[in-house]
file query.tsv (TSV, C-alpha atoms and all ligand atoms)
chain	number	residue	atom	x	y	z
A	1	MET	CA	11.60	59.64	-18.90
A	2	GLY	CA	14.41	58.77	-16.54
A	3	ALA	CA	14.02	60.27	-13.11
A	4	ALA	CA	10.95	62.25	-14.05
A	5	VAL	CA	8.83	59.09	-14.19
A	6	VAL	CA	9.20	58.78	-10.46
A	7	GLU	CA	6.34	60.45	-8.69
A	8	ALA	CA	8.02	63.54	-7.37
A	9	ARG	CA	6.66	65.79	-4.68
A	10	THR	CA	9.61	68.10	-4.99
A	11	ARG	CA	7.68	69.98	-7.66
A	12	ALA	CA	4.20	71.41	-7.36
A	13	ALA	CA	3.54	70.72	-11.03
A	14	TRP	CA	2.84	67.48	-12.83
A	15	ALA	CA	1.43	65.85	-15.95
A	16	THR	CA	-1.23	63.26	-15.29
A	17	VAL	CA	-1.34	60.44	-17.82
A	18	ASP	CA	-4.61	58.53	-17.88
A	19	LEU	CA	-3.75	54.98	-18.92
A	20	ALA	CA	-7.46	54.10	-19.06
A	21	ALA	CA	-7.81	56.76	-21.77
A	22	VAL	CA	-4.86	55.23	-23.65
A	23	ARG	CA	-6.44	51.77	-23.46
A	24	HIS	CA	-9.80	53.20	-24.55
A	25	ASN	CA	-8.24	54.95	-27.57
A	26	VAL	CA	-6.32	51.84	-28.63
A	27	SER	CA	-9.36	49.64	-28.37
A	28	GLU	CA	-11.54	52.11	-30.34
A	29	LEU	CA	-8.88	52.25	-33.05
A	30	ILE	CA	-8.55	48.45	-33.13
A	31	ASP	CA	-12.32	48.13	-33.59
A	32	LEU	CA	-12.22	50.70	-36.38
A	33	VAL	CA	-9.41	49.15	-38.42
A	34	ALA	CA	-10.03	45.42	-37.89
A	35	PRO	CA	-9.00	43.06	-39.39
A	36	ALA	CA	-5.83	45.15	-39.76
A	37	ALA	CA	-3.53	44.83	-36.76
A	38	MET	CA	-2.46	47.76	-34.58
A	39	CYS	CA	1.06	49.09	-34.25
A	40	ALA	CA	1.13	51.94	-31.73
A	41	SER	CA	3.87	54.51	-32.00
A	42	VAL	CA	5.58	55.15	-28.67
A	43	LYS	CA	8.42	57.18	-30.11
A	44	ALA	CA	9.50	60.40	-28.39
A	45	ASP	CA	8.74	58.90	-24.99
A	46	ALA	CA	5.24	57.96	-26.14
A	47	TYR	CA	4.64	61.49	-27.46
A	48	GLY	CA	5.65	62.84	-24.07
A	49	HIS	CA	3.42	60.51	-22.05
A	50	GLY	CA	6.14	58.12	-20.82
A	51	ALA	CA	7.15	55.17	-23.00
A	52	VAL	CA	7.20	52.21	-20.62
A	53	PRO	CA	3.89	52.59	-18.74
A	54	VAL	CA	2.11	53.69	-21.89
A	55	ALA	CA	3.52	50.81	-23.96
A	56	ARG	CA	2.25	48.35	-21.35
A	57	ALA	CA	-1.22	49.91	-21.46
A	58	ILE	CA	-1.22	49.83	-25.27
A	59	LEU	CA	-0.36	46.13	-25.33
A	60	GLU	CA	-2.97	45.36	-22.66
A	61	ALA	CA	-5.54	47.00	-24.91
A	62	GLY	CA	-4.71	44.60	-27.72
A	63	ALA	CA	-2.12	46.26	-29.95
A	64	GLN	CA	0.27	43.69	-31.42
A	65	TRP	CA	3.15	45.98	-32.40
A	66	LEU	CA	4.99	49.01	-31.04
A	67	ALA	CA	6.94	51.53	-33.10
A	68	VAL	CA	9.88	53.72	-32.12
A	69	SER	CA	12.14	56.07	-34.04
A	70	GLN	CA	15.41	55.64	-32.12
A	71	VAL	CA	17.32	52.51	-31.16
A	72	ASP	CA	17.64	53.87	-27.61
A	73	GLU	CA	13.86	54.10	-27.38
A	74	GLY	CA	13.63	50.42	-28.27
A	75	VAL	CA	16.36	49.55	-25.77
A	76	GLU	CA	14.44	51.33	-22.98
A	77	LEU	CA	11.35	49.25	-23.71
A	78	ARG	CA	13.28	45.98	-24.02
A	79	GLU	CA	15.05	46.65	-20.72
A	80	ALA	CA	11.64	47.13	-19.14
A	81	GLY	CA	10.82	43.57	-20.24
A	82	ILE	CA	8.59	44.43	-23.20
A	83	THR	CA	8.97	41.71	-25.81
A	84	ALA	CA	6.32	42.73	-28.37
A	85	PRO	CA	7.38	43.14	-32.01
A	86	MET	CA	8.93	46.58	-32.30
A	87	LEU	CA	9.34	48.50	-35.53
A	88	LEU	CA	12.07	51.10	-35.96
A	89	LEU	CA	10.36	53.59	-38.28
A	90	SER	CA	13.45	54.84	-40.08
A	91	GLU	CA	17.05	53.69	-40.58
A	92	PRO	CA	19.32	54.33	-37.58
A	93	PRO	CA	22.98	55.33	-37.92
A	94	LEU	CA	24.97	52.33	-39.15
A	95	ALA	CA	26.83	52.29	-35.82
A	96	ALA	CA	23.55	51.47	-34.04
A	97	VAL	CA	22.57	48.49	-36.18
A	98	ASP	CA	24.28	45.95	-33.95
A	99	GLU	CA	22.33	47.11	-30.93
A	100	ALA	CA	19.10	47.15	-32.93
A	101	VAL	CA	19.60	43.53	-34.00
A	102	ALA	CA	20.69	42.45	-30.52
A	103	ARG	CA	17.47	43.99	-29.13
A	104	HIS	CA	15.25	42.37	-31.77
A	105	LEU	CA	14.07	45.63	-33.24
A	106	THR	CA	12.54	45.28	-36.69
A	107	LEU	CA	14.08	47.82	-39.02
A	108	ALA	CA	12.51	49.86	-41.78
A	109	VAL	CA	15.17	49.58	-44.48
A	110	TYR	CA	15.70	51.61	-47.66
A	111	THR	CA	19.41	51.63	-48.53
A	112	ASP	CA	21.97	49.06	-49.66
A	113	ALA	CA	24.26	50.22	-46.86
A	114	MET	CA	21.65	49.21	-44.30
A	115	VAL	CA	21.18	45.79	-45.92
A	116	ASP	CA	24.97	45.29	-45.71
A	117	ALA	CA	25.07	46.39	-42.06
A	118	LEU	CA	22.15	44.14	-41.14
A	119	GLU	CA	23.74	41.11	-42.78
A	120	THR	CA	26.97	41.74	-40.85
A	121	ALA	CA	25.07	42.18	-37.58
A	122	ALA	CA	22.98	39.06	-38.23
A	123	VAL	CA	26.16	36.99	-38.70
A	124	LEU	CA	27.66	38.52	-35.56
A	125	HIS	CA	24.60	37.56	-33.53
A	126	GLY	CA	24.19	34.16	-35.15
A	127	ARG	CA	20.76	35.08	-36.55
A	128	ASP	CA	19.54	33.70	-39.85
A	129	ALA	CA	16.09	35.29	-40.09
A	130	VAL	CA	16.31	38.95	-39.09
A	131	PRO	CA	12.99	40.48	-40.17
A	132	VAL	CA	13.09	43.70	-42.18
A	133	HIS	CA	10.46	46.00	-43.67
A	134	LEU	CA	11.23	47.69	-46.97
A	135	LYS	CA	10.21	51.34	-46.73
A	136	VAL	CA	9.31	53.07	-49.97
A	137	ASP	CA	9.06	56.81	-50.49
A	138	THR	CA	5.81	57.20	-52.40
A	139	GLY	CA	5.68	60.98	-52.26
A	140	MET	CA	6.59	62.48	-48.91
A	141	HIS	CA	10.27	62.66	-49.88
A	142	ARG	CA	11.59	62.06	-46.39
A	143	ALA	CA	12.72	58.50	-45.67
A	144	GLY	CA	12.30	55.53	-47.99
A	145	ALA	CA	13.66	54.06	-51.19
A	146	PRO	CA	12.52	55.64	-54.46
A	147	PRO	CA	9.93	53.28	-56.02
A	148	ALA	CA	12.28	52.55	-58.93
A	149	ASP	CA	14.94	51.26	-56.53
A	150	ALA	CA	12.59	49.18	-54.39
A	151	PRO	CA	12.52	45.95	-56.47
A	152	ALA	CA	16.32	45.61	-56.47
A	153	LEU	CA	16.47	46.19	-52.73
A	154	ALA	CA	13.65	43.72	-52.20
A	155	ARG	CA	15.51	41.10	-54.26
A	156	ARG	CA	18.61	41.61	-52.11
A	157	MET	CA	16.63	41.23	-48.87
A	158	ASP	CA	14.63	38.30	-50.18
A	159	GLY	CA	17.76	36.54	-51.40
A	160	SER	CA	19.70	37.11	-48.20
A	161	ARG	CA	20.57	34.09	-46.05
A	162	HIS	CA	20.24	36.22	-42.95
A	163	LEU	CA	17.24	38.48	-43.57
A	164	VAL	CA	13.52	37.94	-44.04
A	165	LEU	CA	11.59	40.55	-45.98
A	166	GLU	CA	8.59	40.61	-43.67
A	167	GLY	CA	7.01	43.97	-44.52
A	168	LEU	CA	6.49	46.59	-47.20
A	169	MET	CA	5.65	50.07	-45.98
A	170	THR	CA	5.31	53.73	-46.85
A	171	HIS	CA	4.33	56.91	-45.02
A	172	PHE	CA	1.77	59.56	-45.97
A	173	ALA	CA	2.41	63.27	-46.31
A	174	VAL	CA	-1.16	64.67	-46.25
A	175	ALA	CA	-3.50	61.92	-45.05
A	176	ASP	CA	-4.74	64.35	-42.38
A	177	ASP	CA	-5.98	66.79	-45.04
A	178	LEU	CA	-9.22	65.54	-46.56
A	179	ASP	CA	-9.05	68.25	-49.23
A	180	ARG	CA	-5.92	66.57	-50.56
A	181	GLU	CA	-7.21	63.03	-50.88
A	182	ALA	CA	-5.83	62.89	-54.42
A	183	ASP	CA	-2.28	63.11	-53.06
A	184	THR	CA	-2.87	60.24	-50.63
A	185	LYS	CA	-4.45	58.20	-53.43
A	186	ALA	CA	-1.42	58.86	-55.61
A	187	GLN	CA	0.84	57.60	-52.81
A	188	LEU	CA	-1.28	54.46	-52.49
A	189	GLU	CA	-1.09	53.87	-56.24
A	190	ARG	CA	2.71	54.10	-56.17
A	191	PHE	CA	2.78	51.76	-53.16
A	192	GLU	CA	0.66	49.20	-54.99
A	193	MET	CA	2.83	49.48	-58.09
A	194	VAL	CA	5.84	48.54	-55.96
A	195	ARG	CA	3.88	45.71	-54.34
A	196	ASP	CA	2.95	44.40	-57.80
A	197	ALA	CA	6.50	44.73	-59.10
A	198	LEU	CA	7.72	42.66	-56.15
A	199	ALA	CA	5.00	40.08	-56.71
A	200	ALA	CA	6.11	39.77	-60.34
A	201	ASP	CA	9.49	38.73	-58.93
A	202	GLY	CA	7.76	36.23	-56.65
A	203	ILE	CA	8.31	38.39	-53.56
A	204	VAL	CA	5.25	38.80	-51.33
A	205	PRO	CA	5.94	40.47	-47.96
A	206	ALA	CA	3.51	39.26	-45.33
A	207	VAL	CA	2.79	42.64	-43.73
A	208	LEU	CA	1.79	45.63	-45.86
A	209	HIS	CA	1.38	48.92	-44.03
A	210	THR	CA	0.98	52.56	-44.97
A	211	ALA	CA	-1.35	54.26	-42.50
A	212	ASN	CA	-0.56	56.71	-39.73
A	213	SER	CA	-3.49	57.82	-37.54
A	214	ALA	CA	-5.02	59.87	-40.34
A	215	GLY	CA	-4.63	57.06	-42.84
A	216	ALA	CA	-6.13	54.56	-40.40
A	217	ILE	CA	-9.09	56.75	-39.50
A	218	ALA	CA	-9.96	58.40	-42.79
A	219	HIS	CA	-8.62	56.18	-45.59
A	220	GLU	CA	-10.04	52.67	-45.43
A	221	ALA	CA	-8.00	51.55	-48.43
A	222	ALA	CA	-4.81	52.42	-46.56
A	223	ARG	CA	-5.26	49.97	-43.71
A	224	TYR	CA	-3.87	46.81	-45.36
A	225	ASP	CA	-2.46	44.39	-42.73
A	226	LEU	CA	-1.30	46.86	-40.09
A	227	VAL	CA	-1.80	50.51	-39.17
A	228	ARG	CA	0.77	52.65	-37.34
A	229	CYS	CA	-1.10	54.99	-35.02
A	230	GLY	CA	0.56	57.63	-32.89
A	231	ILE	CA	-1.31	60.79	-32.00
A	232	SER	CA	-4.72	59.09	-31.90
A	233	VAL	CA	-3.46	56.68	-29.21
A	234	TYR	CA	-2.93	59.73	-27.03
A	235	GLY	CA	-6.45	61.01	-27.64
A	236	TYR	CA	-6.00	63.58	-30.37
A	237	SER	CA	-7.35	63.49	-33.88
A	238	PRO	CA	-4.76	64.10	-36.58
A	239	GLY	CA	-7.23	66.46	-38.27
A	240	MET	CA	-10.33	68.33	-37.13
A	241	ALA	CA	-12.29	67.12	-40.17
A	242	MET	CA	-12.03	63.53	-38.97
A	243	ALA	CA	-12.44	64.21	-35.24
A	244	ASP	CA	-15.94	62.68	-35.13
A	245	ARG	CA	-14.98	59.36	-36.74
A	246	VAL	CA	-13.58	57.76	-33.61
A	247	ASP	CA	-14.13	58.48	-29.92
A	248	LEU	CA	-10.75	59.62	-28.61
A	249	ARG	CA	-9.94	60.86	-25.10
A	250	PRO	CA	-6.90	63.05	-24.41
A	251	ALA	CA	-4.66	61.09	-22.07
A	252	MET	CA	-2.49	63.89	-20.71
A	253	SER	CA	-3.37	66.78	-18.45
A	254	LEU	CA	-1.02	69.38	-17.01
A	255	THR	CA	-1.56	70.81	-13.55
A	256	ALA	CA	0.33	72.95	-11.05
A	257	GLU	CA	-0.29	74.40	-7.63
A	258	VAL	CA	-0.28	78.16	-7.16
A	259	ALA	CA	3.10	79.08	-5.68
A	260	TYR	CA	2.42	82.69	-4.77
A	261	VAL	CA	-0.41	85.23	-4.94
A	262	ARG	CA	-0.22	88.99	-5.12
A	263	ASP	CA	-2.56	91.90	-5.70
A	264	VAL	CA	-1.34	94.26	-8.39
A	265	GLU	CA	-2.60	97.78	-9.07
A	266	ALA	CA	-4.40	98.84	-12.27
A	267	GLY	CA	-1.94	99.98	-14.92
A	268	GLU	CA	0.99	97.95	-13.52
A	269	GLY	CA	2.83	95.60	-15.88
A	270	VAL	CA	3.49	91.89	-15.31
A	271	SER	CA	6.42	89.64	-16.31
A	272	TYR	CA	9.42	90.21	-18.59
A	273	GLY	CA	8.90	93.13	-20.90
A	274	LEU	CA	5.93	94.28	-18.80
A	275	ARG	CA	3.80	93.30	-21.78
A	276	TYR	CA	0.67	92.67	-19.73
A	277	THR	CA	-0.94	95.68	-18.13
A	278	CYS	CA	-3.42	94.98	-15.34
A	279	PRO	CA	-6.77	96.37	-16.48
A	280	THR	CA	-7.91	96.92	-12.87
A	281	ARG	CA	-6.42	96.18	-9.48
A	282	THR	CA	-6.32	92.42	-9.76
A	283	ARG	CA	-5.10	89.21	-8.19
A	284	ILE	CA	-2.13	87.61	-9.93
A	285	ALA	CA	-1.31	83.96	-9.26
A	286	VAL	CA	2.21	82.68	-9.89
A	287	VAL	CA	2.23	79.15	-11.35
A	288	PRO	CA	5.43	77.07	-11.27
A	289	LEU	CA	5.52	75.97	-14.92
A	290	GLY	CA	7.37	77.71	-17.71
A	291	TYR	CA	8.80	77.33	-21.17
A	292	ALA	CA	11.50	74.97	-19.88
A	293	ASP	CA	8.61	72.63	-19.10
A	294	GLY	CA	7.00	72.97	-22.52
A	295	VAL	CA	4.56	75.84	-21.98
A	296	PRO	CA	5.43	77.92	-25.04
A	297	ARG	CA	6.70	81.42	-24.23
A	298	ARG	CA	4.37	82.87	-26.84
A	299	LEU	CA	1.23	81.31	-25.40
A	300	SER	CA	0.26	84.41	-23.41
A	301	ALA	CA	0.62	86.67	-26.47
A	302	VAL	CA	-1.87	84.58	-28.42
A	303	GLY	CA	-4.63	84.54	-25.81
A	304	GLY	CA	-3.54	81.52	-23.78
A	305	GLU	CA	-5.69	80.74	-20.76
A	306	VAL	CA	-5.59	78.38	-17.78
A	307	LEU	CA	-8.30	77.07	-15.46
A	308	VAL	CA	-8.49	78.38	-11.91
A	309	GLY	CA	-11.43	77.41	-9.74
A	310	GLY	CA	-13.18	76.02	-12.81
A	311	ARG	CA	-12.94	79.35	-14.67
A	312	ARG	CA	-10.81	80.42	-17.62
A	313	CYS	CA	-8.25	83.08	-16.70
A	314	PRO	CA	-5.69	84.70	-19.02
A	315	ILE	CA	-1.99	84.07	-18.72
A	316	ALA	CA	-0.70	87.49	-17.69
A	317	GLY	CA	2.45	88.45	-19.52
A	318	THR	CA	5.30	86.51	-21.00
A	319	VAL	CA	5.71	82.88	-19.90
A	320	THR	CA	9.10	82.71	-18.19
A	321	MET	CA	11.46	79.75	-18.01
A	322	ASP	CA	10.11	78.30	-14.76
A	323	MET	CA	6.96	80.26	-13.98
A	324	LEU	CA	3.97	81.95	-15.50
A	325	MET	CA	1.52	84.44	-14.08
A	326	VAL	CA	-2.26	84.31	-14.29
A	327	ASP	CA	-4.73	87.18	-13.96
A	328	CYS	CA	-7.37	85.63	-11.70
A	329	GLY	CA	-9.47	88.83	-11.56
A	330	PRO	CA	-10.14	91.38	-8.79
A	331	ASP	CA	-12.65	89.23	-6.92
A	332	SER	CA	-10.69	86.01	-7.01
A	333	SER	CA	-10.21	84.03	-3.82
A	334	VAL	CA	-7.31	82.06	-5.31
A	335	ALA	CA	-4.76	81.02	-2.71
A	336	VAL	CA	-1.34	79.42	-2.56
A	337	GLY	CA	-1.68	75.67	-3.16
A	338	ASP	CA	-4.80	75.90	-5.33
A	339	GLU	CA	-4.68	73.71	-8.44
A	340	VAL	CA	-4.34	75.40	-11.80
A	341	VAL	CA	-5.06	73.34	-14.91
A	342	LEU	CA	-3.11	74.21	-18.04
A	343	LEU	CA	-4.25	71.18	-20.05
A	344	GLY	CA	-7.23	69.12	-19.02
A	345	ARG	CA	-10.52	69.60	-17.27
A	346	GLN	CA	-11.57	71.56	-14.21
A	347	GLY	CA	-15.26	71.89	-13.40
A	348	ASP	CA	-17.17	72.34	-16.67
A	349	GLU	CA	-14.23	73.79	-18.55
A	350	ALA	CA	-11.52	72.02	-20.51
A	351	ILE	CA	-8.38	73.13	-22.30
A	352	THR	CA	-6.87	70.76	-24.86
A	353	ALA	CA	-3.58	70.53	-26.71
A	354	ASP	CA	-5.66	71.28	-29.83
A	355	GLU	CA	-6.62	74.63	-28.28
A	356	TRP	CA	-2.97	75.53	-27.65
A	357	ALA	CA	-2.07	74.27	-31.11
A	358	ALA	CA	-4.73	76.44	-32.78
A	359	ARG	CA	-3.51	79.50	-30.90
A	360	LEU	CA	0.12	78.78	-31.69
A	361	ASP	CA	-0.40	77.71	-35.30
A	362	THR	CA	1.00	74.24	-34.69
A	363	ILE	CA	-0.33	70.73	-34.05
A	364	SER	CA	-1.25	68.82	-30.89
A	365	TYR	CA	1.76	66.55	-31.49
A	366	GLU	CA	4.20	69.38	-30.82
A	367	ILE	CA	2.35	70.39	-27.65
A	368	VAL	CA	2.27	66.96	-25.98
A	369	CYS	CA	5.80	66.02	-27.09
A	370	GLY	CA	6.97	69.36	-25.75
A	371	ILE	CA	5.94	68.76	-22.14
A	372	GLY	CA	9.44	68.30	-20.86
A	373	PRO	CA	11.18	65.64	-18.77
A	374	ARG	CA	11.37	68.11	-15.86
A	375	VAL	CA	7.61	67.68	-15.34
A	376	PRO	CA	6.90	64.56	-13.25
A	377	ARG	CA	4.35	62.17	-14.78
A	378	ARG	CA	1.63	60.71	-12.59
A	379	TYR	CA	-0.14	57.65	-13.89
A	380	VAL	CA	-3.82	57.01	-13.24
A	381	GLY	CA	-6.29	54.49	-14.65
A	401	LIG	C1	6.60	56.26	-40.31
A	401	LIG	C2	5.57	56.72	-39.33
A	401	LIG	N1	4.47	55.97	-39.16
A	401	LIG	C3	3.50	56.33	-38.28
A	401	LIG	C4	3.60	57.49	-37.54
A	401	LIG	C5	2.49	57.87	-36.59
A	401	LIG	O1	1.87	59.05	-37.04
A	401	LIG	P1	0.63	59.69	-36.26
A	401	LIG	O2	1.13	60.18	-34.95
A	401	LIG	O3	0.19	60.81	-37.15
A	401	LIG	O4	-0.39	58.63	-36.12
A	401	LIG	C6	4.73	58.29	-37.70
A	401	LIG	C7	4.85	59.53	-36.95
A	401	LIG	O5	5.30	60.54	-37.39
A	401	LIG	C8	5.74	57.89	-38.62
A	401	LIG	O6	6.84	58.63	-38.81
call {"tool": "encode", "arguments": {"input": "query.tsv", "output": "structure tokens", "more": "lines below"}}
Ligand SMILES: Cc1ncc(COP(=O)(O)O)c(C=O)c1O
result
Amino acid sequence: MGAAVVEARTRAAWATVDLAAVRHNVSELIDLVAPAAMCASVKADAYGHGAVPVARAILEAGAQWLAVSQVDEGVELREAGITAPMLLLSEPPLAAVDEAVARHLTLAVYTDAMVDALETAAVLHGRDAVPVHLKVDTGMHRAGAPPADAPALARRMDGSRHLVLEGLMTHFAVADDLDREADTKAQLERFEMVRDALAADGIVPAVLHTANSAGAIAHEAARYDLVRCGISVYGYSPGMAMADRVDLRPAMSLTAEVAYVRDVEAGEGVSYGLRYTCPTRTRIAVVPLGYADGVPRRLSAVGGEVLVGGRRCPIAGTVTMDMLMVDCGPDSSVAVGDEVVLLGRQGDEAITADEWAARLDTISYEIVCGIGPRVPRRYVG
């Protein structure tokens, strides 16, 4: 998060990250998947929550592994003194392999070029047992070796003087969709075929893993030795149909203080494009958060609301880069400095990233990852 991690009072807007909620979610997930171990994904700055403090909370709650997607993300955690096993979920550029090995990141590997680069880096760093996980593409067609190529790659890794083939992994495409269980089953079958082909060659990786949050929660057969949970750690279910299977608490809320209040006459327009017309004379509050902070510009057009004084109020007009306006109603007593909740709870009301996601036809992941580095994070719990 760089400078934004520092508690800043130069901005009357902040994201609160509840580390007690993170620990709760991790420990619920650990209970659910035991005896499989827990690898928590803290890529993308812990899905926008702040990698270092969240990683510490995750490890305190009993997770054994962390996962990142960029070498720099691993470096940030290592420089913060975090020594837990750390999985790099996909191959980095070859130029970054040296750094990855120097930082003891465990790579997901699926090309001969990466095996070559790792052997060179291992020699350079005087390492003779660099652990690697062979990643197989069993159907998502993103990253991973085709199943037919996996045995040859595995033989190379297994025969290397410098590498240890520690893991065999794959990633699901539709584990969150319970109507498409057949596709997830087909991926598991391909994964097991590769596992068996390796075993026939006498190669038995110690750590088998396939499951993201959806796999871990909804597909018992997918848990194997380790699960790789991301979104569930942050308190969101990967799919509504599995939301009741584990008690998850959203860890992030988003709050700002009203910067300015004005009364606007009936029929007047608000914000760029004057797309919102005040239905009556009403009180408009100006809130210092905008699309540069991760509040999508379109949110007002799809019925987006915020909480003011414990009540839902509509976002009035287009969200601008740094500010948005809220129609607090003609009788509102809202004043400069009052807290407005965009995500989270106020009184009896709550607004979640799932609510935004449903309005915007996206997923909670994109909402929480989108809360930008300009928004200071405050850590509680
Ligand atoms: C390879 C891999 N494993 C695990 C995860 C975690 O997924 P989720 O956030 O759905 O739990 C991801 C995230 O996209 C991933 O790419």
call {"tool": "residues_near_point", "arguments": {"input": "query.tsv", "point": "(-6.9, 71.7, -21.4)", "cutoff": "12 Å", "atoms": "all atoms listed in the file", "output": "number ranges by chain"}}
result
A: 15-16, 249-255, 304-308, 310-312, 340-357, 364, 367-368
call {"tool": "residues_near_ligand", "arguments": {"input": "query.tsv", "ligand": "ligand LIG 401 (chain A)", "cutoff": "6 Å", "atoms": "all atoms listed in the file", "output": "list in words"}}
result
Ser41, Leu89, His171, Asn212, Ser213, Arg228, Cys229, Gly230, Ile231 and Pro238 of chain A
call {"tool": "closest_residue", "arguments": {"input": "query.tsv", "among": "A:Gly317, A:Pro296, A:Pro376, A:Pro330", "to": "Ala256 of chain A", "atoms": "all atoms listed in the file"}}
result
A:Pro376
call {"tool": "closest_atom_pairs", "arguments": {"input": "query.tsv", "of": "segment 165-209 of chain A", "to": "segment 107-115 of chain A", "cutoff": "12 Å", "atoms": "only C-alpha atoms", "output": "tab-separated table"}}
result
residue	atom	partner	partner_atom	distance
A:Leu165	CA	A:Val109	CA	9.8
A:Glu166	CA	A:Leu107	CA	10.2
A:Gly167	CA	A:Ala108	CA	8.5
A:Leu168	CA	A:Ala108	CA	8.7
A:Met169	CA	A:Ala108	CA	8.0
A:Thr170	CA	A:Ala108	CA	9.6
A:His171	CA	A:Ala108	CA	11.3
A:His209	CA	A:Ala108	CA	11.4
call {"tool": "atom_distance", "arguments": {"input": "query.tsv", "atom1": "atom CA of Asp293 of chain A", "atom2": "atom CA of Gly370 of chain A"}}
result
7.6 Å
call {"tool": "closest_residue", "arguments": {"input": "query.tsv", "among": "A:Asp183, A:Glu268, A:Asp225, A:Asp176", "to": "Ala243 of chain A", "atoms": "only C-alpha atoms"}}
result
A:Asp176
call {"tool": "atom_distance", "arguments": {"input": "query.tsv", "atom1": "atom CA of Ile284 of chain A", "atom2": "atom CA of Thr362 of chain A"}}
result
28.3 Å
call {"tool": "atom_distance", "arguments": {"input": "query.tsv", "atom1": "atom CA of Arg180 of chain A", "atom2": "atom CA of Val26 of chain A"}}
result
26.4 Å
